[in-house]
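Below: target_29.cif (mmCIF, C-alpha atoms)
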data_target
#
loop_
_atom_site.label_atom_id
_atom_site.label_comp_id
_atom_site.auth_asym_id
_atom_site.auth_seq_id
_atom_site.Cartn_x
_atom_site.Cartn_y
_atom_site.Cartn_z
CA MET A 24 -197.64 -2.25 42.14
CA THR A 25 -198.25 -1.39 38.53
CA ASP A 26 -196.56 1.22 36.39
CA LEU A 27 -199.82 1.87 34.60
CA ALA A 28 -202.05 4.43 36.30
CA VAL A 29 -204.91 3.59 33.96
CA GLN A 30 -205.53 0.40 32.02
CA LEU A 31 -208.62 -0.14 29.90
CA GLN A 32 -209.02 -3.37 27.97
CA GLY A 33 -211.79 -4.06 25.49
CA VAL A 34 -214.09 -1.66 27.30
CA GLY A 35 -217.57 -1.12 25.91
CA LYS A 36 -220.83 0.51 26.89
CA THR A 37 -224.05 0.48 24.93
CA TYR A 38 -226.60 3.28 25.03
CA PRO A 39 -229.74 3.48 22.88
CA PHE A 40 -228.10 5.83 20.37
CA PHE A 41 -224.40 5.47 21.08
CA THR A 42 -221.99 2.61 21.52
CA LEU A 43 -218.55 2.81 23.01
CA ASP A 44 -216.61 -0.24 21.95
CA GLY A 45 -213.24 -1.94 22.10
CA ILE A 46 -211.62 0.85 24.10
CA ASP A 47 -208.00 -0.04 24.95
CA LEU A 48 -206.02 2.58 26.79
CA ASP A 49 -202.81 2.40 28.83
CA VAL A 50 -201.58 5.44 30.72
CA PRO A 51 -198.15 5.00 32.29
CA THR A 52 -197.59 6.51 35.74
CA GLY A 53 -195.83 9.87 35.69
CA THR A 54 -197.21 11.06 32.37
CA ILE A 55 -199.84 13.44 31.07
CA ALA A 56 -202.27 11.70 28.75
CA GLY A 57 -204.52 13.63 26.38
CA LEU A 58 -207.79 12.38 24.95
CA ILE A 59 -208.92 14.05 21.75
CA GLY A 60 -212.25 13.56 20.03
CA ALA A 61 -215.06 15.41 18.33
CA ASN A 62 -218.29 16.14 20.23
CA GLY A 63 -220.04 12.89 21.07
CA ALA A 64 -216.99 10.76 20.22
CA GLY A 65 -217.01 9.05 23.61
CA LYS A 66 -214.42 11.05 25.55
CA SER A 67 -216.63 11.93 28.48
CA THR A 68 -218.09 8.43 28.75
CA THR A 69 -214.56 7.00 28.86
CA ILE A 70 -213.48 9.53 31.47
CA ARG A 71 -216.55 8.91 33.60
CA MET A 72 -215.71 5.22 33.76
CA LEU A 73 -212.31 6.03 35.23
CA VAL A 74 -213.84 7.97 38.09
CA GLY A 75 -216.65 5.51 38.79
CA LEU A 76 -219.51 7.61 37.43
CA VAL A 77 -220.33 5.19 34.61
CA GLN A 78 -220.02 1.41 34.67
CA GLN A 79 -218.81 -0.47 31.62
CA ASP A 80 -220.98 -3.22 30.09
CA ARG A 81 -217.92 -5.20 29.04
CA GLY A 82 -214.16 -5.17 29.34
CA SER A 83 -211.93 -4.31 32.28
CA VAL A 84 -211.20 -0.95 33.87
CA ARG A 85 -208.18 -0.69 36.19
CA VAL A 86 -207.33 2.56 37.93
CA LEU A 87 -204.20 2.80 40.12
CA GLY A 88 -204.21 -0.98 40.37
CA HIS A 89 -207.86 -1.20 41.47
CA ASP A 90 -210.50 -2.95 39.37
CA LEU A 91 -213.57 -0.83 38.74
CA PRO A 92 -216.40 -0.82 39.55
CA GLU A 93 -215.70 -3.46 42.29
CA HIS A 94 -213.01 -1.47 44.10
CA GLN A 95 -214.02 2.04 43.21
CA VAL A 96 -214.11 3.24 46.80
CA ALA A 97 -210.41 2.46 47.21
CA ALA A 98 -209.57 3.99 43.82
CA LYS A 99 -211.51 7.19 44.48
CA GLN A 100 -209.35 8.02 47.50
CA ASP A 101 -206.49 8.67 45.12
CA VAL A 102 -208.32 10.09 42.12
CA GLY A 103 -209.17 13.74 41.60
CA PHE A 104 -211.81 14.66 39.04
CA VAL A 105 -212.63 18.02 37.52
CA SER A 106 -215.25 18.53 34.88
CA GLU A 107 -217.38 21.39 33.69
CA ASP A 108 -220.51 19.99 35.27
CA ILE A 109 -219.01 19.33 38.71
CA LYS A 110 -221.18 21.62 40.75
CA LEU A 111 -219.81 23.66 43.56
CA TYR A 112 -222.32 24.99 46.09
CA LYS A 113 -223.20 28.45 44.84
CA SER A 114 -224.04 29.95 48.21
CA ALA A 115 -220.90 28.61 49.90
CA THR A 116 -217.40 30.08 49.86
CA LEU A 117 -214.20 28.48 48.61
CA ALA A 118 -213.07 28.19 52.25
CA TRP A 119 -216.22 26.19 53.03
CA HIS A 120 -215.48 23.84 50.10
CA ILE A 121 -211.92 23.33 51.27
CA HIS A 122 -213.17 22.43 54.74
CA PHE A 123 -215.71 20.05 53.18
CA ILE A 124 -213.14 18.28 50.96
CA ARG A 125 -210.70 17.95 53.86
CA SER A 126 -213.37 16.32 56.02
CA ILE A 127 -214.12 13.76 53.31
CA PHE A 128 -210.66 12.84 52.10
CA GLY A 129 -208.54 13.64 55.15
CA HIS A 130 -205.55 14.35 52.95
CA TRP A 131 -204.89 18.00 52.19
CA ASP A 132 -201.71 19.94 51.37
CA ASP A 133 -202.36 23.35 52.86
CA ALA A 134 -199.13 24.99 51.70
CA TYR A 135 -199.85 23.92 48.13
CA ALA A 136 -203.44 25.16 48.41
CA GLN A 137 -202.18 28.54 49.64
CA SER A 138 -199.74 28.83 46.75
CA LEU A 139 -202.45 27.90 44.23
CA LEU A 140 -204.80 30.48 45.78
CA GLY A 141 -202.25 33.17 45.04
CA ARG A 142 -201.35 31.98 41.57
CA PHE A 143 -204.97 31.44 40.56
CA ASP A 144 -205.87 34.81 42.04
CA LEU A 145 -208.73 33.33 44.09
CA ASN A 146 -210.27 34.62 47.28
CA LEU A 147 -211.11 32.15 50.07
CA ASN A 148 -214.09 34.11 51.31
CA GLN A 149 -215.82 34.76 48.03
CA LYS A 150 -219.01 32.83 47.37
CA ILE A 151 -219.02 30.53 44.34
CA ARG A 152 -222.01 32.46 42.98
CA GLY A 153 -219.85 35.54 42.43
CA LEU A 154 -217.10 33.74 40.54
CA SER A 155 -216.56 33.91 36.80
CA HIS A 156 -216.44 30.70 34.75
CA GLY A 157 -212.63 30.76 34.75
CA GLN A 158 -212.50 31.29 38.51
CA ARG A 159 -214.87 28.37 39.08
CA VAL A 160 -212.71 26.07 36.96
CA LYS A 161 -209.64 27.19 38.89
CA ALA A 162 -211.46 26.73 42.21
CA ALA A 163 -212.48 23.18 41.23
CA LEU A 164 -208.93 22.47 40.10
CA LEU A 165 -207.51 23.79 43.37
CA LEU A 166 -209.87 21.56 45.34
CA ALA A 167 -208.66 18.55 43.31
CA LEU A 168 -204.94 19.45 43.21
CA ALA A 169 -204.43 20.19 46.89
CA ARG A 170 -205.59 16.67 47.76
CA ARG A 171 -202.52 15.58 45.78
CA PRO A 172 -204.32 12.67 44.13
CA ARG A 173 -202.13 10.12 42.35
CA LEU A 174 -204.38 10.39 39.33
CA LEU A 175 -205.96 13.62 38.20
CA VAL A 176 -208.75 13.27 35.63
CA LEU A 177 -209.98 16.37 33.83
CA ASP A 178 -212.82 16.66 31.35
CA GLU A 179 -212.26 19.70 29.11
CA PRO A 180 -210.38 21.71 31.75
CA THR A 181 -209.47 24.58 29.43
CA ALA A 182 -212.84 24.99 27.67
CA GLY A 183 -214.04 28.57 27.79
CA LEU A 184 -211.02 29.89 29.66
CA ASP A 185 -209.44 33.24 28.85
CA PRO A 186 -205.74 33.15 27.81
CA ILE A 187 -204.46 34.05 31.28
CA ALA A 188 -206.53 31.42 33.05
CA ARG A 189 -205.55 28.85 30.40
CA LEU A 190 -201.89 29.53 31.01
CA GLU A 191 -202.37 29.22 34.78
CA VAL A 192 -204.25 25.93 34.41
CA LEU A 193 -201.76 24.38 31.95
CA GLY A 194 -198.89 25.52 34.16
CA ALA A 195 -200.45 23.93 37.25
CA LEU A 196 -201.05 20.69 35.34
CA THR A 197 -197.48 20.31 34.06
CA GLU A 198 -196.25 21.13 37.55
CA VAL A 199 -198.04 18.06 38.91
CA LEU A 200 -195.57 15.97 36.91
CA THR A 201 -192.61 17.27 38.92
CA ASP A 202 -193.56 14.31 41.08
CA GLU A 203 -193.14 11.31 38.82
CA ASN A 204 -195.59 9.19 40.81
CA ARG A 205 -198.50 11.33 39.70
CA THR A 206 -200.47 11.06 36.51
CA VAL A 207 -202.82 13.38 34.66
CA LEU A 208 -205.44 12.40 32.12
CA LEU A 209 -207.34 15.13 30.35
CA SER A 210 -209.77 15.40 27.48
CA SER A 211 -209.96 18.41 25.26
CA GLN A 212 -211.15 19.65 21.93
CA ASN A 213 -208.31 22.13 22.04
CA THR A 214 -205.56 20.18 20.30
CA LEU A 215 -203.05 22.99 20.96
CA ASP A 216 -203.35 22.49 24.71
CA ILE A 217 -203.03 18.74 24.37
CA GLU A 218 -200.08 19.04 22.00
CA GLN A 219 -198.31 21.34 24.41
CA ILE A 220 -198.56 19.38 27.64
CA SER A 221 -199.33 15.73 26.83
CA ASP A 222 -196.82 12.89 26.75
CA GLN A 223 -199.28 10.44 25.34
CA ILE A 224 -202.16 11.11 22.98
CA THR A 225 -205.25 9.09 22.19
CA PHE A 226 -207.74 9.87 19.41
CA ILE A 227 -211.33 8.75 19.91
CA ASP A 228 -213.96 8.86 17.19
CA ARG A 229 -217.43 7.33 16.99
CA GLY A 230 -216.95 5.41 20.22
CA ARG A 231 -213.64 3.81 19.26
CA VAL A 232 -209.96 4.46 19.85
CA LEU A 233 -208.41 5.45 16.52
CA HIS A 234 -204.88 5.85 17.65
CA SER A 235 -202.91 5.90 20.86
CA ALA A 236 -199.21 6.73 20.94
CA ASP A 237 -196.63 8.86 22.64
CA LYS A 238 -196.73 12.38 21.29
CA GLU A 239 -193.37 12.51 19.55
CA THR A 240 -193.99 9.20 17.75
CA LEU A 241 -197.40 10.45 16.68
CA LEU A 242 -196.07 13.77 15.35
CA ASP A 243 -193.14 12.01 13.66
CA GLY A 244 -195.41 9.55 11.89
CA TRP A 245 -197.25 12.01 9.64
CA ARG A 246 -196.21 14.31 6.79
CA SER A 247 -198.03 16.60 4.44
CA ILE A 248 -196.46 16.45 0.97
CA ARG A 249 -197.05 18.94 -1.83
CA LEU A 250 -195.77 18.00 -5.25
CA ARG A 251 -195.96 18.92 -8.93
CA VAL A 252 -197.12 16.19 -11.22
CA PRO A 253 -196.18 16.40 -14.94
CA PRO A 254 -199.15 16.60 -17.35
CA ALA A 255 -200.85 13.29 -18.17
CA THR A 256 -199.11 11.52 -15.31
CA LEU A 257 -201.23 9.57 -12.89
CA LEU A 258 -200.00 9.12 -9.35
CA PRO A 259 -200.09 5.45 -8.41
CA ASP A 260 -201.86 4.34 -5.25
CA LEU A 261 -199.16 4.11 -2.63
CA PRO A 262 -199.83 2.45 0.71
CA GLY A 263 -200.09 4.98 3.53
CA ILE A 264 -200.60 7.93 1.19
CA THR A 265 -203.93 9.67 0.72
CA ARG A 266 -204.79 12.68 -1.39
CA ASP A 267 -206.01 15.61 0.67
CA GLY A 268 -206.73 18.61 -1.49
CA GLY A 269 -204.68 20.53 -4.01
CA THR A 270 -205.21 20.05 -7.74
CA ASP A 271 -204.32 17.23 -10.12
CA ARG A 272 -201.26 19.23 -11.14
CA VAL A 273 -200.29 20.19 -7.59
CA PRO A 274 -201.83 17.59 -5.29
CA ILE A 275 -201.41 17.65 -1.52
CA LEU A 276 -200.87 14.27 0.07
CA LYS A 277 -200.97 13.04 3.63
CA ALA A 278 -198.54 10.26 4.47
CA HIS A 279 -198.86 7.92 7.44
CA PRO A 280 -196.92 6.03 8.57
CA PHE A 281 -194.36 8.26 6.91
CA GLU A 282 -191.21 6.66 5.47
CA PRO A 283 -188.47 8.55 3.59
CA ALA A 284 -188.80 5.87 0.87
CA MET A 285 -192.24 7.34 0.06
CA ILE A 286 -190.52 10.45 -1.31
CA GLU A 287 -188.38 8.34 -3.63
CA ALA A 288 -191.42 6.37 -4.75
CA LEU A 289 -193.23 9.63 -5.58
CA GLN A 290 -190.21 11.04 -7.42
CA ALA A 291 -189.98 7.80 -9.43
CA THR A 292 -193.34 8.69 -11.00
CA GLY A 293 -191.77 11.84 -12.44
CA ALA A 294 -193.29 14.17 -9.86
CA THR A 295 -191.30 17.01 -8.30
CA ILE A 296 -191.54 17.26 -4.52
CA GLU A 297 -192.17 20.85 -3.48
CA THR A 298 -192.54 20.52 0.26
CA VAL A 299 -192.55 17.81 2.88
CA GLU A 300 -193.92 19.24 6.10
CA ARG A 301 -194.61 17.99 9.56
CA MET A 302 -198.20 18.39 10.66
CA THR A 303 -199.74 19.89 13.77
CA LEU A 304 -201.63 17.64 16.13
CA GLU A 305 -204.87 19.21 14.91
CA GLU A 306 -204.07 18.41 11.27
CA ILE A 307 -203.09 14.87 12.23
CA PHE A 308 -206.28 14.39 14.20
CA VAL A 309 -208.44 15.57 11.30
CA ALA A 310 -206.53 13.47 8.73
CA SER A 311 -206.72 10.44 10.98
CA VAL A 312 -210.47 10.77 11.55
CA MET A 313 -211.16 11.39 7.85
CA ARG A 314 -209.08 8.41 6.80
CA GLN A 315 -210.80 6.12 9.29
CA ARG A 316 -214.30 7.35 8.44
CA ALA A 317 -213.62 6.92 4.69
CA ARG A 318 -212.53 3.36 5.38
CA ALA A 319 -215.58 2.65 7.56
CA ASP A 320 -218.07 4.17 5.11
CA ARG A 321 -216.66 2.32 2.10
CA MET B 16 -166.98 28.88 39.03
CA ASP B 17 -169.98 27.20 40.47
CA ILE B 18 -172.76 26.90 37.96
CA HIS B 19 -176.19 26.25 39.36
CA SER B 20 -178.50 24.37 37.07
CA SER B 21 -181.52 25.67 38.96
CA ASP B 22 -182.15 28.73 36.82
CA LEU B 23 -180.70 27.70 33.45
CA ASP B 24 -184.12 26.37 32.51
CA ARG B 25 -185.35 29.96 32.50
CA GLU B 26 -182.95 30.81 29.69
CA LEU B 27 -185.05 28.72 27.31
CA SER B 28 -188.48 29.28 25.80
CA VAL B 29 -190.81 27.73 23.27
CA SER B 30 -193.21 29.43 20.90
CA ARG B 31 -196.33 28.10 19.28
CA ALA B 32 -195.93 30.59 16.43
CA ASP B 33 -192.58 29.03 15.57
CA GLY B 34 -193.49 26.37 13.01
CA ARG B 35 -190.88 23.89 14.20
CA PRO B 36 -191.67 21.14 16.68
CA MET B 37 -191.10 22.15 20.29
CA TYR B 38 -188.34 19.60 20.83
CA LEU B 39 -186.37 21.14 17.93
CA GLN B 40 -186.85 24.62 19.38
CA ILE B 41 -185.47 23.40 22.69
CA MET B 42 -182.51 21.68 21.00
CA GLU B 43 -181.68 24.73 18.93
CA GLN B 44 -181.67 27.02 21.96
CA ILE B 45 -179.55 24.66 24.02
CA ARG B 46 -177.03 24.42 21.15
CA ARG B 47 -176.97 28.19 21.03
CA ARG B 48 -176.41 28.54 24.78
CA ILE B 49 -173.54 26.07 24.53
CA ALA B 50 -172.05 27.48 21.33
CA SER B 51 -172.02 31.00 22.77
CA GLY B 52 -170.21 29.78 25.86
CA ASP B 53 -173.07 30.65 28.23
CA TRP B 54 -173.26 26.98 29.20
CA PRO B 55 -169.62 25.87 29.29
CA PRO B 56 -168.59 22.21 29.08
CA GLY B 57 -169.52 20.33 32.25
CA THR B 58 -172.47 22.58 33.05
CA GLU B 59 -175.25 20.66 34.74
CA MET B 60 -178.33 20.66 32.54
CA PRO B 61 -181.76 21.43 34.02
CA SER B 62 -183.52 18.19 34.94
CA ILE B 63 -186.01 16.97 32.35
CA ARG B 64 -189.00 17.39 34.65
CA GLN B 65 -187.88 20.81 35.83
CA LEU B 66 -187.49 22.08 32.27
CA ALA B 67 -190.86 20.61 31.28
CA VAL B 68 -192.53 22.48 34.16
CA THR B 69 -190.78 25.77 33.36
CA LEU B 70 -191.73 25.61 29.69
CA SER B 71 -195.18 24.10 30.41
CA VAL B 72 -194.49 21.37 27.87
CA SER B 73 -194.72 17.62 28.18
CA VAL B 74 -191.93 15.61 29.75
CA ILE B 75 -191.61 13.52 26.60
CA THR B 76 -190.85 16.60 24.51
CA VAL B 77 -187.89 17.52 26.72
CA LYS B 78 -186.79 13.87 26.85
CA ARG B 79 -186.77 13.78 23.06
CA ALA B 80 -184.67 16.96 22.86
CA TYR B 81 -182.15 15.63 25.40
CA ARG B 82 -181.96 12.25 23.70
CA ASP B 83 -181.21 13.80 20.30
CA LEU B 84 -178.66 16.21 21.81
CA GLU B 85 -177.01 13.24 23.44
CA GLN B 86 -176.83 11.42 20.12
CA GLU B 87 -175.20 14.50 18.62
CA GLY B 88 -172.65 14.39 21.43
CA VAL B 89 -173.65 17.83 22.69
CA ILE B 90 -174.68 16.64 26.14
CA VAL B 91 -173.82 13.61 28.21
CA THR B 92 -176.23 11.79 30.50
CA ARG B 93 -174.83 10.04 33.52
CA HIS B 94 -177.11 7.38 34.85
CA GLY B 95 -179.10 8.63 37.83
CA LYS B 96 -177.20 11.92 37.88
CA GLY B 97 -178.83 13.89 35.12
CA SER B 98 -177.22 15.45 32.08
CA MET B 99 -174.37 17.87 31.55
CA VAL B 100 -172.85 19.76 28.66
CA ALA B 101 -170.28 17.51 26.96
CA LEU B 102 -166.68 18.14 27.94
CA ASP B 103 -165.60 18.22 24.30
CA ALA B 104 -163.95 21.65 23.99
CA GLU B 105 -164.67 21.77 20.27
CA ALA B 106 -168.39 21.55 20.82
CA GLY B 107 -169.04 25.26 20.31
CA ALA B 108 -167.20 25.56 16.99
CA GLN B 109 -168.69 22.27 15.79
CA LEU B 110 -172.21 23.48 16.46
CA PHE B 111 -171.71 26.62 14.39
CA GLU B 112 -170.10 24.42 11.75
CA GLN B 113 -173.23 22.25 11.67
CA ASP B 114 -175.39 25.37 11.41
CA LEU B 115 -173.35 26.56 8.45
CA GLN B 116 -173.65 23.19 6.73
CA ARG B 117 -177.42 23.27 7.15
CA VAL B 118 -177.72 26.73 5.63
CA LEU B 119 -175.37 25.79 2.74
CA ASP B 120 -177.44 22.68 2.01
CA GLN B 121 -180.56 24.84 1.87
CA ALA B 122 -178.86 27.32 -0.48
CA VAL B 123 -177.79 24.49 -2.80
CA GLU B 124 -181.33 23.11 -2.78
CA LEU B 125 -182.82 26.53 -3.60
CA GLY B 126 -180.18 27.03 -6.30
CA ARG B 127 -181.23 23.76 -7.86
CA VAL B 128 -184.89 24.84 -7.85
CA LEU B 129 -183.89 28.14 -9.53
CA GLY B 130 -181.67 26.31 -12.00
CA TYR B 131 -178.33 27.87 -10.92
CA SER B 132 -175.10 26.05 -11.63
CA PRO B 133 -172.72 25.51 -8.70
CA GLN B 134 -170.45 28.20 -10.24
CA GLU B 135 -173.30 30.70 -10.34
CA LEU B 136 -174.10 29.89 -6.71
CA ALA B 137 -170.48 30.41 -5.74
CA THR B 138 -170.50 33.80 -7.46
CA ARG B 139 -173.62 34.74 -5.54
CA LEU B 140 -171.99 33.67 -2.28
CA LEU B 141 -168.90 35.81 -2.97
CA ALA B 142 -171.12 38.76 -3.87
CA ALA B 143 -173.11 38.32 -0.66
CA ALA B 144 -169.89 38.23 1.37
CA ASP B 145 -168.77 41.52 -0.27
CA GLU B 146 -172.00 43.36 0.30
CA PRO B 147 -172.31 45.25 3.54
CA GLU B 148 -175.23 43.88 5.55
CA ASP B 149 -178.37 45.72 4.64
CA GLY B 150 -181.09 45.70 7.23
CA ALA B 151 -183.65 47.49 5.05
#
Would you encode the structure as structure tokens?
Amino acid sequence: MTDLAVQLQGVGKTYPFFTLDGIDLDVPTGTIAGLIGANGAGKSTTIRMLVGLVQQDRGSVRVLGHDLPEHQVAAKQDVGFVSEDIKLYKSATLAWHIHFIRSIFGHWDDAYAQSLLGRFDLNLNQKIRGLSHGQRVKAALLLALARRPRLLVLDEPTAGLDPIARLEVLGALTEVLTDENRTVLLSSQNTLDIEQISDQITFIDRGRVLHSADKETLLDGWRSIRLRVPPATLLPDLPGITRDGGTDRVPILKAHPFEPAMIEALQATGATIETVERMTLEEIFVASVMRQRARADR
Amino acid sequence: MDIHSSDLDRELSVSRADGRPMYLQIMEQIRRRIASGDWPPGTEMPSIRQLAVTLSVSVITVKRAYRDLEQEGVIVTRHGKGSMVALDAEAGAQLFEQDLQRVLDQAVELGRVLGYSPQELATRLLAAADEPEDGA
């Protein structure tokens, strides 16, 4: 047995116009892991490898203790996958889909499915064609959840959802973790959703992992600092500190990894510290990507 | 009195509009519940996973809040048995005391920014205590 639900080591995949490279990712069992990246960063490719839809060119992919792609059949029994482009049969009802899924996987928690039907406000006998986007996402999620897979993989589950549906989906996802043997991995461009429900957060940009850490460590590690610099004073280059806006007189700095000693070092230059603020996940993601891209383009 | 932990989790909430991190919001509300006597010493705390589900936040956020509260001595975690409100009878008064200290520190800091002497600050404090509270 392993206590890692997902383990990627040095994973790469080369396409004509895009390369995914050196992807390392550990997701401990019993956690919610969030994958954040801009469009085309490599989130979906990474996710597709975990569910056996894409094969890596190099590196190792382990899911629930099974090596992929060799043992993907065994892994898939215990993995649920929901993505925007998973197609449900438009002319069939939700009840038909449930019957279909049960016949394939054998394992189905009917009481849980019934409770989700009520909470998601879905009707068993309605055809998929008549469902709204939000209802389709919830239907796909119900079909995945009621199998009670040990690993649930979701590609942009909250994209395009109205506030009510979003709340229902996020609620259902956190509820999965009541059972500490289950694991959820989701990708999203909505950093608010990820910040709210994820235990572990990974940033991906330009086909590489920028950063992977537990959420509280990540949020603790960054500060935005606004200060007043006396005329004709030049701020020295301090390791871990980058200028991010403001003026020469009132510059705004981003500090990572943040240390209280940085404040003293800044004060020693004669500057007055006005504010030292924690940053949202979105601000951290943007600062992190900008810093990395500046380094790469230099 | 038998206190069931099963619905105490519903006495807490988190807000995205609140600028503070979610773990601090959770800590602050738990301190408040304890300080007000709603959660007396020995009360069984909601389990970490249960509270995470109720608030729709990550398990690690609740873990962080509990860990910090434990370090402050507000709650006690017994291995394999979950957490409970610390038996220290002084806990309530101490928590308000800590709150007061925080606010005083902020006032001193603001005073410094505005260039007030400690005496001037003290005068302001006395004046504030004299004034009837004005909601307008």
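Between atom CA of A:Val102 and atom CA of A:Thr69 the separation is 15.0 Å.
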Write out as a Markdown table the residues of chain A that have any atom within 12 Å of an atom of chain B, one row each with the nearest atom pair and its distance in Å to one decimal, counting only C-alpha atoms, sorted by chain and then rising number.
| residue | atom | partner | partner_atom | distance |
| --- | --- | --- | --- | --- |
| A:Gly53 | CA | B:Val74 | CA | 9.1 |
| A:Thr54 | CA | B:Val74 | CA | 7.4 |
| A:Ile55 | CA | B:Ser73 | CA | 7.2 |
| A:Ala56 | CA | B:Ser73 | CA | 9.6 |
| A:Gly57 | CA | B:Ser73 | CA | 10.7 |
| A:Arg189 | CA | B:Ser71 | CA | 11.4 |
| A:Leu190 | CA | B:Ser71 | CA | 8.7 |
| A:Glu191 | CA | B:Ser71 | CA | 9.8 |
| A:Val192 | CA | B:Ser71 | CA | 10.1 |
| A:Leu193 | CA | B:Ser71 | CA | 6.8 |
| A:Gly194 | CA | B:Ser71 | CA | 5.5 |
| A:Ala195 | CA | B:Val68 | CA | 8.6 |
| A:Leu196 | CA | B:Ser71 | CA | 8.4 |
| A:Thr197 | CA | B:Val68 | CA | 5.4 |
| A:Glu198 | CA | B:Val68 | CA | 5.2 |
| A:Val199 | CA | B:Val68 | CA | 8.5 |
| A:Leu200 | CA | B:Arg64 | CA | 7.1 |
| A:Thr201 | CA | B:Arg64 | CA | 5.6 |
| A:Asp202 | CA | B:Arg64 | CA | 8.5 |
| A:Glu203 | CA | B:Arg64 | CA | 8.5 |
| A:Thr206 | CA | B:Val74 | CA | 11.8 |
| A:Val207 | CA | B:Ser73 | CA | 11.2 |
| A:Leu215 | CA | B:Arg31 | CA | 8.6 |
| A:Asp216 | CA | B:Val72 | CA | 9.5 |
| A:Ile217 | CA | B:Ser73 | CA | 9.2 |
| A:Glu218 | CA | B:Ser73 | CA | 8.3 |
| A:Gln219 | CA | B:Val72 | CA | 5.2 |
| A:Ile220 | CA | B:Ser73 | CA | 4.3 |
| A:Ser221 | CA | B:Ser73 | CA | 5.2 |
| A:Asp222 | CA | B:Ile75 | CA | 5.3 |
| A:Gln223 | CA | B:Ile75 | CA | 8.4 |
| A:Ile224 | CA | B:Ser73 | CA | 11.2 |
| A:Ala236 | CA | B:Ile75 | CA | 11.7 |
| A:Asp237 | CA | B:Ile75 | CA | 7.9 |
| A:Lys238 | CA | B:Ile75 | CA | 7.5 |
| A:Glu239 | CA | B:Thr76 | CA | 6.9 |
| A:Thr240 | CA | B:Arg79 | CA | 10.1 |
| A:Leu241 | CA | B:Ile75 | CA | 11.9 |
| A:Leu242 | CA | B:Pro36 | CA | 8.7 |
| A:Asp243 | CA | B:Pro36 | CA | 9.7 |
| A:Thr295 | CA | B:Val128 | CA | 10.1 |
| A:Ile296 | CA | B:Val128 | CA | 10.6 |
| A:Glu297 | CA | B:Val128 | CA | 9.4 |
| A:Thr298 | CA | B:Glu124 | CA | 11.9 |
| A:Glu300 | CA | B:Arg35 | CA | 9.8 |
| A:Arg301 | CA | B:Pro36 | CA | 8.3 |
| A:Met302 | CA | B:Pro36 | CA | 9.3 |
| A:Thr303 | CA | B:Pro36 | CA | 8.7 |
| A:Leu304 | CA | B:Pro36 | CA | 10.6 |
What is the atom CA of B:Gln44 to atom CA of A:Glu305 distance in Å? 25.5 Å
Please report the interatomic distance between atom CA of A:Ala294 and atom CA of A:Leu258 in Å with one decimal.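 Atom-to-atom, atom CA of A:Ala294 and atom CA of A:Leu258 are spaced 8.4 Å apart.
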Can you pull out every residue within 12 Å of A:Gln290, counting only C-alpha atoms, but drop anything in the same chain fewer than 6 positions away, and send it as a list in words? Ile248, Arg249, Leu250, Arg251, Val252, Pro253, Thr256, Leu258, Pro259, Pro283, Ala284, Ile296 and Glu297 of chain A
Going by the chain IDs and residue numbers used in this file, which residues fall under the PyMOL selection byres ((chain A and resi 117) around 9)? Write them as a count of residues only. 17
Run the PyMOL selection byres ((chain A and resi 86) around 7) against the file shown and list the residues it catches, as number ranges by chain. A: 28-30, 73, 84-85, 87-90, 98
Calculated over all atoms listed in the file, which of the candidates A:Arg205, A:Arg316, A:Lys36, A:Lys66 has the smallest distance to A:Gly82?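 Checking each candidate against A:Gly82, we get A:Lys36 as the closest.
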For A:Glu179, which residue out of A:Thr68, A:Ser211, A:Gln78, A:Ser247 is the nearest one, using only C-alpha atoms?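 Using only C-alpha atoms, the shortest distance to A:Glu179 belongs to A:Ser211.
Selection check: the PyMOL selection byres ((chain B and resi 116-127) around 12) on the shown file gives Ile296, Glu297 and Thr298 of chain A; Gln109, Leu110, Phe111, Glu112, Gln113, Asp114, Leu115, Val128, Leu129, Gly130, Tyr131, Ser132, Pro133, Gln134, Glu135, Leu136, Ala137, Thr138, Arg139 and Leu140 of chain B.
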Write out, as an mmCIF file, in the coordinates of the input, the residues just selected, with C-alpha atoms.
data_model
loop_
_atom_site.group_PDB
_atom_site.id
_atom_site.type_symbol
_atom_site.label_atom_id
_atom_site.label_comp_id
_atom_site.auth_asym_id
_atom_site.auth_seq_id
_atom_site.Cartn_x
_atom_site.Cartn_y
_atom_site.Cartn_z
ATOM 1 C CA ILE A 296 -191.540 17.260 -4.520
ATOM 2 C CA GLU A 297 -192.170 20.850 -3.480
ATOM 3 C CA THR A 298 -192.540 20.520 0.260
ATOM 4 C CA GLN B 109 -168.690 22.270 15.790
ATOM 5 C CA LEU B 110 -172.210 23.480 16.460
ATOM 6 C CA PHE B 111 -171.710 26.620 14.390
ATOM 7 C CA GLU B 112 -170.100 24.420 11.750
ATOM 8 C CA GLN B 113 -173.230 22.250 11.670
ATOM 9 C CA ASP B 114 -175.390 25.370 11.410
ATOM 10 C CA LEU B 115 -173.350 26.560 8.450
ATOM 11 C CA VAL B 128 -184.890 24.840 -7.850
ATOM 12 C CA LEU B 129 -183.890 28.140 -9.530
ATOM 13 C CA GLY B 130 -181.670 26.310 -12.000
ATOM 14 C CA TYR B 131 -178.330 27.870 -10.920
ATOM 15 C CA SER B 132 -175.100 26.050 -11.630
ATOM 16 C CA PRO B 133 -172.720 25.510 -8.700
ATOM 17 C CA GLN B 134 -170.450 28.200 -10.240
ATOM 18 C CA GLU B 135 -173.300 30.700 -10.340
ATOM 19 C CA LEU B 136 -174.100 29.890 -6.710
ATOM 20 C CA ALA B 137 -170.480 30.410 -5.740
ATOM 21 C CA THR B 138 -170.500 33.800 -7.460
ATOM 22 C CA ARG B 139 -173.620 34.740 -5.540
ATOM 23 C CA LEU B 140 -171.990 33.670 -2.280
#
